[in-house]
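S.K.: For reference, this is upload39.cif, and it has mmCIF, C-alpha atoms and all ligand atoms.
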data_coords
loop_
_atom_site.label_atom_id
_atom_site.label_comp_id
_atom_site.auth_asym_id
_atom_site.auth_seq_id
_atom_site.Cartn_x
_atom_site.Cartn_y
_atom_site.Cartn_z
CA MET A 1 -16.60 4.35 -15.70
CA ARG A 2 -17.90 1.74 -13.23
CA ILE A 3 -14.99 1.08 -10.85
CA MET A 4 -15.02 -1.54 -8.11
CA ILE A 5 -12.54 -0.77 -5.32
CA THR A 6 -11.63 -3.32 -2.69
CA GLY A 7 -10.34 -2.09 0.67
CA ILE A 8 -12.42 1.09 0.69
CA ASP A 9 -12.03 1.63 4.45
CA GLY A 10 -8.22 1.57 4.14
CA TYR A 11 -5.53 4.25 4.22
CA LEU A 12 -5.16 4.68 0.45
CA VAL A 13 -8.64 3.90 -0.71
CA LEU A 14 -10.85 6.43 1.00
CA PRO A 15 -8.93 9.36 -0.60
CA LEU A 16 -8.73 7.47 -3.93
CA THR A 17 -12.50 6.97 -3.90
CA GLN A 18 -13.07 10.67 -3.24
CA HIS A 19 -10.84 11.54 -6.17
CA LEU A 20 -12.48 9.10 -8.59
CA ALA A 21 -15.99 10.16 -7.51
CA SER A 22 -15.03 13.82 -8.06
CA LEU A 23 -14.12 12.85 -11.65
CA GLY A 24 -17.65 11.45 -12.13
CA HIS A 25 -16.91 7.71 -11.89
CA GLU A 26 -19.40 5.33 -10.28
CA ILE A 27 -17.81 3.34 -7.47
CA ALA A 28 -18.58 0.04 -5.76
CA GLY A 29 -16.53 -0.01 -2.56
CA VAL A 30 -15.87 -3.27 -0.72
CA ASP A 31 -14.34 -3.83 2.73
CA ASN A 32 -14.60 -6.36 5.55
CA MET A 33 -13.28 -3.84 8.14
CA LEU A 34 -10.28 -6.10 8.84
CA ARG A 35 -7.72 -3.32 9.13
CA ARG A 36 -9.48 -1.76 12.13
CA LYS A 37 -9.57 -5.17 13.85
CA MET A 38 -5.89 -5.97 13.19
CA VAL A 39 -4.64 -2.59 14.48
CA GLY A 40 -6.75 -3.23 17.59
CA GLU A 41 -5.08 -6.64 17.95
CA MET A 42 -1.72 -4.82 17.99
CA GLY A 43 -3.01 -2.83 20.99
CA SER A 44 -3.06 0.36 18.95
CA LEU A 45 -5.26 2.82 17.05
CA SER A 46 -5.02 5.32 14.23
CA ALA A 47 -3.15 8.45 15.38
CA ILE A 48 -5.64 10.51 13.38
CA PRO A 49 -9.15 9.74 14.63
CA ILE A 50 -11.29 8.09 11.97
CA GLU A 51 -15.05 7.71 11.87
CA PRO A 52 -17.02 4.46 11.72
CA MET A 53 -17.87 3.46 8.15
CA ALA A 54 -21.50 4.60 8.44
CA ILE A 55 -20.39 8.18 9.19
CA ARG A 56 -17.72 8.09 6.49
CA LEU A 57 -20.40 7.03 4.01
CA GLN A 58 -22.75 9.81 5.09
CA ALA A 59 -19.93 12.35 4.61
CA PHE A 60 -19.21 10.84 1.24
CA TYR A 61 -22.84 11.21 0.15
CA ASP A 62 -22.92 14.80 1.45
CA HIS A 63 -19.95 15.75 -0.78
CA PHE A 64 -20.25 13.45 -3.80
CA GLY A 65 -23.91 12.45 -4.01
CA ASP A 66 -24.79 8.86 -4.89
CA LYS A 67 -21.54 7.96 -6.68
CA LEU A 68 -20.68 5.21 -4.17
CA ARG A 69 -22.29 1.87 -3.34
CA PHE A 70 -20.77 0.19 -0.28
CA TYR A 71 -20.65 -3.59 0.05
CA GLN A 72 -19.48 -4.84 3.45
CA GLY A 73 -17.96 -8.27 3.02
CA ASP A 74 -14.88 -10.35 2.45
CA VAL A 75 -13.39 -10.88 -1.02
CA THR A 76 -12.14 -14.30 0.12
CA ASP A 77 -15.85 -15.28 0.24
CA TYR A 78 -16.44 -16.32 -3.38
CA SER A 79 -20.25 -16.04 -3.29
CA PHE A 80 -20.08 -12.52 -1.88
CA THR A 81 -17.50 -11.40 -4.46
CA TYR A 82 -19.46 -13.04 -7.27
CA GLU A 83 -22.69 -11.27 -6.23
CA VAL A 84 -21.01 -7.85 -6.06
CA MET A 85 -19.45 -8.33 -9.50
CA ARG A 86 -22.66 -9.69 -11.02
CA GLU A 87 -24.69 -6.77 -9.69
CA PHE A 88 -22.20 -3.95 -10.40
CA LYS A 89 -20.44 -5.26 -13.55
CA PRO A 90 -17.25 -3.23 -13.10
CA GLU A 91 -15.23 -1.95 -16.05
CA ALA A 92 -12.20 -1.61 -13.77
CA ILE A 93 -11.30 -3.20 -10.43
CA VAL A 94 -8.76 -1.53 -8.18
CA HIS A 95 -7.73 -4.27 -5.80
CA LEU A 96 -6.27 -2.90 -2.60
CA GLY A 97 -8.19 -5.09 -0.14
CA GLU A 98 -5.34 -7.13 1.27
CA ILE A 99 -3.38 -7.42 4.51
CA PRO A 100 -0.46 -5.01 3.97
CA SER A 101 1.94 -5.78 6.82
CA ALA A 102 5.28 -7.61 6.71
CA PRO A 103 5.72 -7.74 10.53
CA TYR A 104 2.14 -8.99 11.05
CA SER A 105 2.82 -11.89 8.67
CA MET A 106 6.00 -12.76 10.60
CA ILE A 107 4.37 -13.03 14.06
CA ASN A 108 3.58 -16.75 13.86
CA VAL A 109 2.18 -19.46 11.60
CA HIS A 110 -1.39 -18.24 12.12
CA LYS A 111 -0.67 -14.67 10.97
CA SER A 112 1.43 -15.95 8.09
CA ASN A 113 -1.39 -18.28 6.97
CA GLN A 114 -3.98 -15.55 7.46
CA THR A 115 -1.98 -13.16 5.27
CA MET A 116 -1.42 -15.79 2.57
CA MET A 117 -5.06 -16.95 2.56
CA ASN A 118 -6.50 -13.46 2.66
CA ASN A 119 -4.33 -12.02 -0.07
CA ILE A 120 -4.00 -14.95 -2.46
CA VAL A 121 -7.59 -16.24 -2.18
CA GLY A 122 -9.08 -12.73 -2.48
CA THR A 123 -7.16 -12.10 -5.70
CA GLN A 124 -8.06 -15.56 -7.05
CA ASN A 125 -11.76 -14.95 -6.42
CA LEU A 126 -11.62 -11.65 -8.27
CA LEU A 127 -9.82 -13.27 -11.23
CA PHE A 128 -12.37 -16.08 -11.54
CA CYS A 129 -15.27 -13.58 -11.29
CA MET A 130 -13.64 -11.45 -13.97
CA ARG A 131 -13.35 -14.46 -16.25
CA ASP A 132 -16.99 -15.46 -15.76
CA ILE A 133 -18.75 -12.08 -15.48
CA VAL A 134 -16.67 -9.21 -16.91
CA PRO A 135 -13.80 -10.61 -19.04
CA ASP A 136 -13.03 -7.14 -20.51
CA CYS A 137 -12.60 -5.56 -17.08
CA HIS A 138 -9.16 -4.13 -16.19
CA MET A 139 -7.69 -5.19 -12.84
CA VAL A 140 -5.36 -2.64 -11.26
CA LYS A 141 -3.70 -4.67 -8.53
CA LEU A 142 -1.63 -3.26 -5.70
CA GLY A 143 1.60 -5.15 -5.30
CA THR A 144 4.73 -3.74 -3.68
CA MET A 145 8.30 -2.85 -4.62
CA GLY A 146 9.19 -5.24 -1.78
CA GLU A 147 8.35 -8.13 -4.12
CA TYR A 148 11.70 -7.60 -5.84
CA GLY A 149 13.75 -7.39 -2.63
CA THR A 150 17.12 -5.69 -2.85
CA PRO A 151 19.18 -7.42 -5.58
CA ASN A 152 22.66 -6.16 -6.51
CA VAL A 153 21.48 -5.25 -10.01
CA PRO A 154 19.04 -2.58 -11.28
CA ILE A 155 15.37 -3.61 -11.03
CA PRO A 156 13.39 -3.26 -14.28
CA GLU A 157 9.59 -2.79 -14.45
CA GLY A 158 8.58 -6.39 -13.97
CA PHE A 159 10.38 -7.96 -16.92
CA PHE A 160 13.82 -8.24 -18.48
CA GLU A 161 15.10 -9.52 -21.80
CA MET A 162 17.30 -12.61 -22.21
CA GLU A 163 18.97 -13.75 -25.38
CA TYR A 164 19.81 -17.35 -26.28
CA LYS A 165 21.13 -18.53 -29.65
CA GLY A 166 20.13 -15.24 -31.26
CA LYS A 167 16.55 -15.40 -29.97
CA LYS A 168 15.19 -12.92 -27.44
CA GLU A 169 12.82 -13.86 -24.66
CA VAL A 170 11.08 -11.48 -22.22
CA MET A 171 11.11 -13.00 -18.73
CA PRO A 172 9.63 -11.97 -15.38
CA PHE A 173 12.40 -10.39 -13.29
CA PRO A 174 13.24 -12.61 -10.27
CA ARG A 175 11.53 -11.75 -6.99
CA ILE A 176 13.46 -12.04 -3.71
CA PRO A 177 10.86 -10.92 -1.15
CA GLY A 178 11.65 -10.29 2.52
CA SER A 179 8.57 -11.53 4.42
CA TRP A 180 5.56 -13.85 4.18
CA TYR A 181 3.48 -10.77 3.33
CA HIS A 182 5.75 -9.89 0.41
CA LEU A 183 5.60 -13.53 -0.68
CA SER A 184 1.80 -13.37 -0.76
CA LYS A 185 2.13 -10.48 -3.22
CA VAL A 186 4.60 -12.47 -5.36
CA HIS A 187 2.12 -15.35 -5.52
CA ASP A 188 -0.61 -12.86 -6.55
CA THR A 189 1.69 -11.60 -9.29
CA GLN A 190 2.18 -15.11 -10.67
CA ASN A 191 -1.55 -15.88 -10.48
CA ILE A 192 -2.58 -12.67 -12.25
CA MET A 193 0.04 -13.16 -14.96
CA PHE A 194 -1.26 -16.70 -15.48
CA ALA A 195 -4.92 -15.55 -15.69
CA CYS A 196 -4.00 -12.94 -18.32
CA ARG A 197 -2.05 -15.52 -20.34
CA ILE A 198 -4.65 -18.31 -20.13
CA TRP A 199 -7.97 -16.43 -20.08
CA GLY A 200 -7.04 -13.23 -21.92
CA LEU A 201 -7.78 -11.00 -18.92
CA ARG A 202 -6.01 -7.64 -18.62
CA SER A 203 -4.19 -6.29 -15.59
CA THR A 204 -1.81 -3.63 -14.38
CA ASP A 205 0.22 -4.91 -11.44
CA ILE A 206 1.48 -1.92 -9.47
CA MET A 207 4.73 -2.42 -7.60
CA GLN A 208 4.18 0.40 -5.17
CA GLY A 209 6.77 2.02 -2.93
CA VAL A 210 6.00 3.16 0.61
CA VAL A 211 3.21 5.72 0.65
CA TYR A 212 3.19 8.56 3.18
CA GLY A 213 1.22 11.67 4.00
CA THR A 214 -2.13 12.69 5.38
CA ARG A 215 -3.47 15.00 2.67
CA THR A 216 -4.53 14.76 -0.94
CA ASP A 217 -5.62 17.22 -3.60
CA THR A 218 -9.29 16.24 -3.24
CA PHE A 219 -9.12 16.36 0.56
CA LYS A 220 -12.35 18.00 1.66
CA ASP A 221 -12.01 19.97 4.84
CA ASP A 222 -14.37 17.55 6.55
CA PRO A 223 -12.94 15.58 9.50
CA ARG A 224 -15.36 12.72 8.75
CA LEU A 225 -13.35 11.98 5.58
CA ARG A 226 -9.88 11.93 7.13
CA THR A 227 -7.84 8.84 6.41
CA ARG A 228 -6.09 6.74 9.02
CA LEU A 229 -2.44 6.94 10.11
CA ASP A 230 -1.08 3.96 12.03
CA PHE A 231 2.10 3.89 14.07
CA ASP A 232 2.19 0.47 15.70
CA GLU A 233 5.05 -1.86 14.81
CA ALA A 234 2.97 -3.93 12.38
CA PHE A 235 0.87 -1.38 10.51
CA GLY A 236 2.92 1.81 10.96
CA THR A 237 5.52 2.37 8.25
CA ALA A 238 8.92 3.74 9.36
CA ILE A 239 7.98 7.23 8.21
CA ASN A 240 4.67 7.16 10.15
CA ARG A 241 6.39 5.90 13.27
CA PHE A 242 9.14 8.55 13.04
CA ALA A 243 6.56 11.32 12.58
CA CYS A 244 4.56 10.06 15.59
CA GLN A 245 7.71 9.72 17.71
CA ALA A 246 8.69 13.30 16.79
CA ALA A 247 5.19 14.54 17.67
CA ILE A 248 5.31 13.08 21.22
CA GLY A 249 8.97 13.97 21.95
CA MET A 250 10.24 10.37 21.74
CA ALA A 251 13.56 9.67 19.97
CA LEU A 252 13.25 8.25 16.44
CA THR A 253 14.33 4.61 16.25
CA PRO A 254 15.74 3.54 12.85
CA TYR A 255 16.56 -0.18 12.69
CA GLY A 256 20.22 -1.26 12.65
CA LYS A 257 22.63 0.66 10.39
CA GLY A 258 19.67 2.51 8.86
CA LEU A 259 21.07 2.26 5.34
CA GLN A 260 18.20 0.09 4.06
CA LYS A 261 16.88 1.90 0.96
CA ARG A 262 13.31 1.94 -0.33
CA GLY A 263 11.21 3.85 -2.88
CA PHE A 264 8.67 6.36 -1.48
CA LEU A 265 5.82 8.48 -2.78
CA PRO A 266 3.26 10.80 -1.18
CA ILE A 267 -0.37 9.69 -1.06
CA ARG A 268 -1.40 12.46 -3.47
CA ASP A 269 1.03 10.98 -6.04
CA SER A 270 -0.20 7.44 -5.43
CA ILE A 271 -3.72 8.62 -6.24
CA GLN A 272 -2.50 10.41 -9.35
CA CYS A 273 -0.68 7.25 -10.52
CA LEU A 274 -3.60 4.89 -9.87
CA THR A 275 -5.90 7.23 -11.79
CA ILE A 276 -3.46 7.21 -14.73
CA ALA A 277 -3.38 3.40 -14.66
CA ILE A 278 -7.22 3.24 -14.67
CA ASN A 279 -7.47 5.73 -17.55
CA ASN A 280 -4.93 3.86 -19.70
CA PRO A 281 -5.95 0.18 -19.65
CA PRO A 282 -3.74 -2.48 -21.22
CA LYS A 283 -4.91 -4.52 -24.22
CA PRO A 284 -7.03 -7.66 -23.61
CA GLY A 285 -4.69 -10.46 -22.54
CA GLU A 286 -1.95 -8.03 -21.49
CA TYR A 287 -0.30 -8.23 -18.08
CA ARG A 288 1.92 -5.23 -17.38
CA VAL A 289 3.87 -3.95 -14.41
CA PHE A 290 4.33 -0.35 -13.24
CA ASN A 291 6.93 0.43 -10.58
CA GLN A 292 5.22 3.19 -8.64
CA PHE A 293 7.46 5.37 -6.48
CA GLU A 294 8.98 8.81 -6.70
CA GLU A 295 12.21 8.97 -4.71
CA VAL A 296 14.58 6.56 -2.96
CA TYR A 297 15.65 7.21 0.63
CA SER A 298 17.47 5.21 3.26
CA ILE A 299 15.82 4.79 6.66
CA SER A 300 18.48 7.15 8.12
CA ASP A 301 17.67 9.76 5.44
CA LEU A 302 14.03 9.53 6.49
CA ALA A 303 14.85 9.95 10.17
CA LEU A 304 17.00 12.99 9.31
CA LYS A 305 14.21 14.52 7.19
CA VAL A 306 11.70 14.09 10.03
CA LYS A 307 14.23 15.61 12.44
CA GLU A 308 14.86 18.55 10.09
CA VAL A 309 11.15 19.34 9.69
CA GLY A 310 10.43 18.68 13.39
CA ASP A 311 13.29 20.94 14.51
CA GLU A 312 12.04 23.71 12.18
CA ILE A 313 8.75 23.74 14.08
CA GLY A 314 10.47 23.62 17.48
CA LEU A 315 10.25 19.90 18.37
CA ASN A 316 13.97 19.21 19.13
CA VAL A 317 13.97 15.72 17.60
CA GLN A 318 16.53 13.06 18.70
CA ILE A 319 17.53 9.89 16.82
CA ASN A 320 18.47 6.66 18.69
CA PRO A 321 18.99 3.60 16.43
CA ILE A 322 17.82 0.26 17.81
CA GLU A 323 18.44 -3.43 17.01
CA ASN A 324 16.98 -4.52 13.70
CA PRO A 325 14.17 -7.06 14.30
CA ARG A 326 14.17 -8.00 10.59
CA VAL A 327 16.52 -10.20 8.60
CA GLU A 328 17.45 -7.89 5.73
CA LYS A 329 20.45 -6.23 4.06
CA GLU A 330 21.26 -3.07 6.03
CA ASP A 331 23.59 -1.48 3.48
CA HIS A 332 23.00 -2.29 -0.15
CA PHE A 333 22.76 -1.25 -3.78
CA TYR A 334 19.28 -0.07 -4.82
CA GLU A 335 18.27 1.12 -8.23
CA ALA A 336 14.83 0.57 -9.80
CA GLU A 337 13.39 1.70 -13.10
CA HIS A 338 10.13 3.68 -12.94
CA ARG A 339 9.41 5.07 -16.37
CA CYS A 340 5.98 3.72 -17.38
CA LEU A 341 3.88 6.08 -15.27
CA LEU A 342 6.07 9.07 -16.16
CA ASP A 343 5.61 8.22 -19.84
CA LEU A 344 1.83 8.20 -19.29
CA GLY A 345 1.92 11.69 -17.75
CA TYR A 346 2.65 11.24 -14.01
CA LYS A 347 3.93 14.54 -12.57
CA PRO A 348 5.81 13.80 -9.33
CA THR A 349 5.41 16.41 -6.60
CA HIS A 350 9.00 16.04 -5.21
CA ASP A 351 8.36 17.71 -1.87
CA MET A 352 8.79 15.31 1.01
CA LYS A 353 9.49 18.09 3.50
CA LYS A 354 6.18 19.81 2.74
CA GLU A 355 4.25 16.53 3.18
CA LEU A 356 6.11 15.84 6.44
CA ARG A 357 5.20 19.29 7.71
CA PHE A 358 1.50 18.57 6.96
CA MET A 359 1.84 15.20 8.71
CA LEU A 360 3.30 16.76 11.84
CA GLU A 361 0.63 19.50 11.79
CA ASP A 362 -2.05 16.78 11.65
CA LEU A 363 -0.37 14.66 14.33
CA LEU A 364 0.43 17.29 16.95
CA PRO A 365 -3.23 17.83 17.97
CA ASN A 366 -3.40 14.03 18.48
CA LYS A 367 -0.36 13.68 20.76
CA GLY A 368 -2.53 12.25 23.52
CA ARG A 369 -3.76 9.39 21.32
CA ILE A 370 -0.21 8.51 20.26
CA SER A 371 1.20 8.75 23.80
CA SER A 372 -1.57 6.49 25.09
CA ARG A 373 -0.24 3.72 22.78
CA SER A 374 3.46 4.71 22.72
CA HIS A 375 4.40 1.12 23.75
CA SER A 376 3.37 0.00 20.24
CA LEU A 377 6.03 2.22 18.61
CA LEU A 378 8.93 -0.02 19.68
CA PRO A 379 9.20 -3.30 17.77
CA SER A 380 9.08 -6.75 19.34
CA ILE A 381 8.17 -8.87 16.28
CA ARG A 382 11.46 -10.40 15.17
CA TRP A 383 11.98 -12.24 11.90
CA SER A 384 13.64 -15.01 13.95
CA GLY A 385 10.25 -15.80 15.56
CA LYS A 386 11.27 -14.54 19.03
CA ARG A 387 9.05 -11.86 20.53
CA ASP A 388 10.84 -9.32 22.72
CA LYS A 389 11.40 -5.58 22.54
CA CYS A 390 14.40 -4.44 20.47
CA ARG A 391 17.16 -2.76 22.45
CA PRO A 392 18.98 0.52 21.70
CA LEU A 393 22.25 0.06 19.78
N1 LIG B 1 0.38 1.99 2.16
C1 LIG B 1 1.52 1.68 1.58
O1 LIG B 1 2.58 2.29 1.84
C2 LIG B 1 1.57 0.58 0.56
C3 LIG B 1 2.78 0.34 -0.14
C4 LIG B 1 2.81 -0.68 -1.08
C5 LIG B 1 1.69 -1.44 -1.33
N2 LIG B 1 0.54 -1.20 -0.63
C6 LIG B 1 -0.62 -2.04 -0.92
O2 LIG B 1 -1.73 -1.21 -1.18
C7 LIG B 1 -2.92 -1.81 -0.67
C8 LIG B 1 -3.62 -0.84 0.25
O3 LIG B 1 -2.74 -0.43 1.27
P1 LIG B 1 -3.24 0.42 2.49
O4 LIG B 1 -2.04 0.99 3.14
O5 LIG B 1 -4.36 1.31 2.07
O6 LIG B 1 -3.80 -0.76 3.42
P2 LIG B 1 -5.06 -0.77 4.41
O7 LIG B 1 -4.90 -1.96 5.29
O8 LIG B 1 -5.23 0.57 5.06
O9 LIG B 1 -6.27 -1.01 3.40
C9 LIG B 1 -6.68 -2.27 2.97
C10 LIG B 1 -8.18 -2.40 3.25
O10 LIG B 1 -8.59 -3.67 2.74
C11 LIG B 1 -9.47 -4.27 3.65
N3 LIG B 1 -9.37 -5.72 3.44
C12 LIG B 1 -8.33 -6.54 3.71
N4 LIG B 1 -8.63 -7.81 3.38
C13 LIG B 1 -9.87 -7.79 2.86
C14 LIG B 1 -10.75 -8.79 2.38
N5 LIG B 1 -10.37 -10.07 2.35
N6 LIG B 1 -11.97 -8.44 1.93
C15 LIG B 1 -12.38 -7.13 1.97
N7 LIG B 1 -11.59 -6.14 2.44
C16 LIG B 1 -10.36 -6.46 2.89
C17 LIG B 1 -9.01 -3.82 5.03
O11 LIG B 1 -10.05 -3.85 5.97
C18 LIG B 1 -8.52 -2.38 4.73
O12 LIG B 1 -9.54 -1.43 4.98
C19 LIG B 1 -2.50 -3.11 0.02
O13 LIG B 1 -2.68 -4.18 -0.87
C20 LIG B 1 -1.02 -2.89 0.28
O14 LIG B 1 -0.32 -4.10 0.34
C21 LIG B 1 0.46 -0.21 0.30
#
As a first step, turn the structure in this file into structure tokens.
M.R.:
Amino acid sequence: MRIMITGIDGYLVLPLTQHLASLGHEIAGVDNMLRRKMVGEMGSLSAIPIEPMAIRLQAFYDHFGDKLRFYQGDVTDYSFTYEVMREFKPEAIVHLGEIPSAPYSMINVHKSNQTMMNNIVGTQNLLFCMRDIVPDCHMVKLGTMGEYGTPNVPIPEGFFEMEYKGKKEVMPFPRIPGSWYHLSKVHDTQNIMFACRIWGLRSTDIMQGVVYGTRTDTFKDDPRLRTRLDFDEAFGTAINRFACQAAIGMALTPYGKGLQKRGFLPIRDSIQCLTIAINNPPKPGEYRVFNQFEEVYSISDLALKVKEVGDEIGLNVQINPIENPRVEKEDHFYEAEHRCLLDLGYKPTHDMKKELRFMLEDLLPNKGRISSRSHSLLPSIRWSGKRDKCRPL
């Protein structure tokens, strides 16, 4: 299949591209190298050293031959996106090329606008190009479980049924997102749903949980193909930051009560799920939602898991909660359906401890890199708009 992937330089996409190329698919990879620039703006770097794109591409060709065409450019540039689509004529688009950070979008009006413009306009451009060039193409779009927020009722997969005067209606489940970034994803969701309804396009909107891990099943033992792992307050997820703190002997810093719950899945499972979505396209005109996560943990559970694994390998990990810079529920109900991918054959790996052990093994040789930017591990971006370091509780 001809698959166009946006965000090919990103955390998830490089391993996904390797996997899809190893299955014989032809790939057009797009990226504007924005992630590298934004992590630099946060005064940080990837804990695991990553190569410039030219070297990554050479490594890719060495292992997978000519399965990949790389297009450097910005999907918010309509002419660029149009040209790539016209030349490559994708049968599927996996759209991951967005700004993925809630804290980054909360820094100030400029970062909020940048996130909105980048994410919403990029998706819009792809939808219009699909309509005009490849109307049968299937868009697999990466959204987030954070679109739903944390309501006090179970979260279905995108839709729920309402009944009025004996008639049933399927309605989109309400979204109560927690940041401007999450809102950009909600707007994408509405726009994609509209394009499917009006133009007969087809799309799978993936509400993905937090992805973690440094290794995948198609991981070639070639350092040029390693994927990034960020730990700064904007682009490092809680699990990444805890693992990096454990690696350099710094106490783990869960926010507030630490009872905030989220869905998680390892990167190898994310790749498995995205491949299943690509292989099982919806019907023309169909917009469907998959909730993509494996297990639910609270932030305290995560800190305890990292401590457990760290202590097993002799790290003596401490946990010191700090003020919560976010405005969010710290102790809440959380239950979300996630059946669709299981029904299509997803086999969860269920081994967070093993993945954490791999992460720590990959991080320990890079302690120096993490220590050199350890200031970026403690948050200062507050949802209130103030900018100062959070204090220990
Ligand atoms: N990693 C997670 O835990 C997670 C969880 C839920 C959802 N997601 C979503 O999955 C997607 C990928 O996440 P990731 O962690 O790999 O992020 P990432 O930032 O590592 O990758 C995104 C890539 O897209 C590129 N990009 C951004 N805007 C672009 C544009 N306008 N044009 C071209 N390229 C652009 C960036 O340079 C980057 O390389 C994102 O949409 C994110 O919101 C990720």
S.K.: What is the distance, in Å and to one decimal place, between atom CA of Phe231 of chain A and atom CA of Gln18 of chain A?
M.R.: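 Between atom CA of Phe231 of chain A and atom CA of Gln18 of chain A the gap is 24.0 Å.
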S.K.: For a quick check of understanding, using all atoms listed in the file, which of A:Ser376, A:Ser270, A:Asn125, A:Asn324 has the smallest distance to Ile206 of chain A?
M.R.: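 Among the listed residues, A:Ser270 lies closest to Ile206 of chain A.
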S.K.: Just checking: using all atoms listed in the file, which residue out of A:Lys185, A:Arg56, A:Arg2, A:His19 ends up closest to ligand LIG 1 (chain B)?
M.R.: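 Under the stated criterion, the closest residue is A:Lys185.
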S.K.: With distances taken over only C-alpha atoms and all ligand atoms, which of A:Asp132, A:Asp269, A:Glu26, A:Asp62 is nearest to ligand LIG 1 (chain B)?
M.R.: A:Asp269
S.K.: Would you tabulate, counting all atoms listed in the file, all residues of segment 44-68 of chain A that have an atom at most 12 Å from an atom of segment 240-258 of chain A, showing the closest pair of atoms and their distance in Å to one decimal, sorted by chain then ascending number, as JSON lines?
M.R.:
{"residue": "A:Ser46", "atom": "CA", "partner": "A:Asn240", "partner_atom": "CA", "distance": 10.7}
{"residue": "A:Ala47", "atom": "CA", "partner": "A:Cys244", "partner_atom": "CA", "distance": 7.9}
{"residue": "A:Ile48", "atom": "CA", "partner": "A:Cys244", "partner_atom": "CA", "distance": 10.4}
S.K.: Using all atoms listed in the file, which residues of chain A come within 6 Å of ligand LIG 1 (chain B), and what is the closest atom pair for each, with the distance in Å to one decimal? Give it as a Markdown table, sorted by chain and residue number.
M.R.:
| residue | atom | partner | partner_atom | distance |
| --- | --- | --- | --- | --- |
| A:Thr6 | CA | B:LIG1 | N7 | 5.9 |
| A:Gly7 | CA | B:LIG1 | O10 | 3.1 |
| A:Ile8 | CA | B:LIG1 | O12 | 5.7 |
| A:Asp9 | CA | B:LIG1 | O12 | 4.0 |
| A:Gly10 | CA | B:LIG1 | O8 | 3.3 |
| A:Tyr11 | CA | B:LIG1 | O8 | 3.8 |
| A:Leu12 | CA | B:LIG1 | O5 | 3.8 |
| A:Val13 | CA | B:LIG1 | O5 | 5.7 |
| A:Val30 | CA | B:LIG1 | C15 | 5.9 |
| A:Asp31 | CA | B:LIG1 | N7 | 3.6 |
| A:Asn32 | CA | B:LIG1 | C15 | 4.3 |
| A:Met33 | CA | B:LIG1 | O11 | 3.9 |
| A:Leu34 | CA | B:LIG1 | O11 | 3.7 |
| A:Arg35 | CA | B:LIG1 | O11 | 4.0 |
| A:Gly73 | CA | B:LIG1 | C15 | 5.8 |
| A:Asp74 | CA | B:LIG1 | N6 | 3.5 |
| A:Val75 | CA | B:LIG1 | N6 | 4.1 |
| A:Thr76 | CA | B:LIG1 | N5 | 5.1 |
| A:Leu96 | CA | B:LIG1 | C7 | 4.0 |
| A:Gly97 | CA | B:LIG1 | O10 | 3.2 |
| A:Glu98 | CA | B:LIG1 | C12 | 3.9 |
| A:Ile99 | CA | B:LIG1 | C12 | 5.1 |
| A:Pro100 | CA | B:LIG1 | O14 | 3.7 |
| A:Asn118 | CA | B:LIG1 | N5 | 5.2 |
| A:Gly122 | CA | B:LIG1 | N5 | 5.7 |
| A:Leu142 | CA | B:LIG1 | O2 | 5.0 |
| A:Gly143 | CA | B:LIG1 | C5 | 5.4 |
| A:Thr144 | CA | B:LIG1 | C4 | 4.5 |
| A:Gln208 | CA | B:LIG1 | C4 | 4.4 |
| A:Gly209 | CA | B:LIG1 | C4 | 5.1 |
| A:Val210 | CA | B:LIG1 | O1 | 3.7 |
| A:Val211 | CA | B:LIG1 | O1 | 3.7 |
S.K.: How many Å lie between atom CA of Asp301 of chain A and atom CA of Glu330 of chain A, rounded to one decimal?
M.R.: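 About the pair atom CA of Asp301 of chain A and atom CA of Glu330 of chain A: they are 13.3 Å apart.
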S.K.: Please determine, counting only C-alpha atoms, which residue among A:Thr275, A:Gln190, A:Ser101, A:Ser79 has the shortest atom-to-atom distance to Met42 of chain A.
M.R.: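 Distance minimum relative to Met42 of chain A lands on A:Ser101.
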S.K.: With distances taken over all atoms listed in the file, which of A:Leu45, A:Ile278, A:Leu259, A:Val306 is nearest to Val94 of chain A?
M.R.: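 The answer is A:Ile278, which sits nearest to Val94 of chain A.
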S.K.: Report, in Å with one decimal, the straight-line distance from atom CA of Lys141 of chain A to atom CA of Ile55 of chain A.
M.R.: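 Separation between atom CA of Lys141 of chain A and atom CA of Ile55 of chain A: 27.5 Å.
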S.K.: Residues near Ile155 of chain A, anyone? I mean within 8 Å using all atoms listed in the file, not counting same-chain ones fewer than 5 positions away, as a ChimeraX atom specification.
M.R.: /A:148,173,335-337
S.K.: Kindly extract all protein, DNA and RNA residues lying within 12 Å of the coordinates (-15.4, -18.5, -11.5) given in the file, considering only C-alpha atoms, and supply them as an MDAnalysis selection string.
M.R.: chainID A and resid 78:79 81:83 85:86 123:135 195 199
S.K.: Out of A:Gly149, A:Ala28, A:Ser372, A:Ile107, which residue has the shortest atom-to-atom distance to Glu87 of chain A when counting all atoms listed in the file?
M.R.: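 Ranking A:Gly149, A:Ala28, A:Ser372, A:Ile107 by distance to Glu87 of chain A, first place goes to A:Ala28.
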S.K.: Mind checking which residues fall within 8 Å of His182 of chain A, counting only C-alpha atoms, ignoring those fewer than 2 positions away in the same chain, and posting them as a ChimeraX atom specification?
M.R.: /A:102,144,146-147,177-180,184-186
S.K.: Tell me, as a PDB file with C-alpha atoms, in the frame of the given file, which residues lie within 6 Å of Met139 of chain A, counting all atoms listed in the file; anything in the same chain fewer than 6 positions away does not count.
M.R.:
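part.pdb, freshly written:
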ATOM      1  CA  ALA A  92     -12.200  -1.610 -13.770  1.00  0.00           C
ATOM      2  CA  ILE A  93     -11.300  -3.200 -10.430  1.00  0.00           C
ATOM      3  CA  SER A 203      -4.190  -6.290 -15.590  1.00  0.00           C
TER       4      SER A 203
END
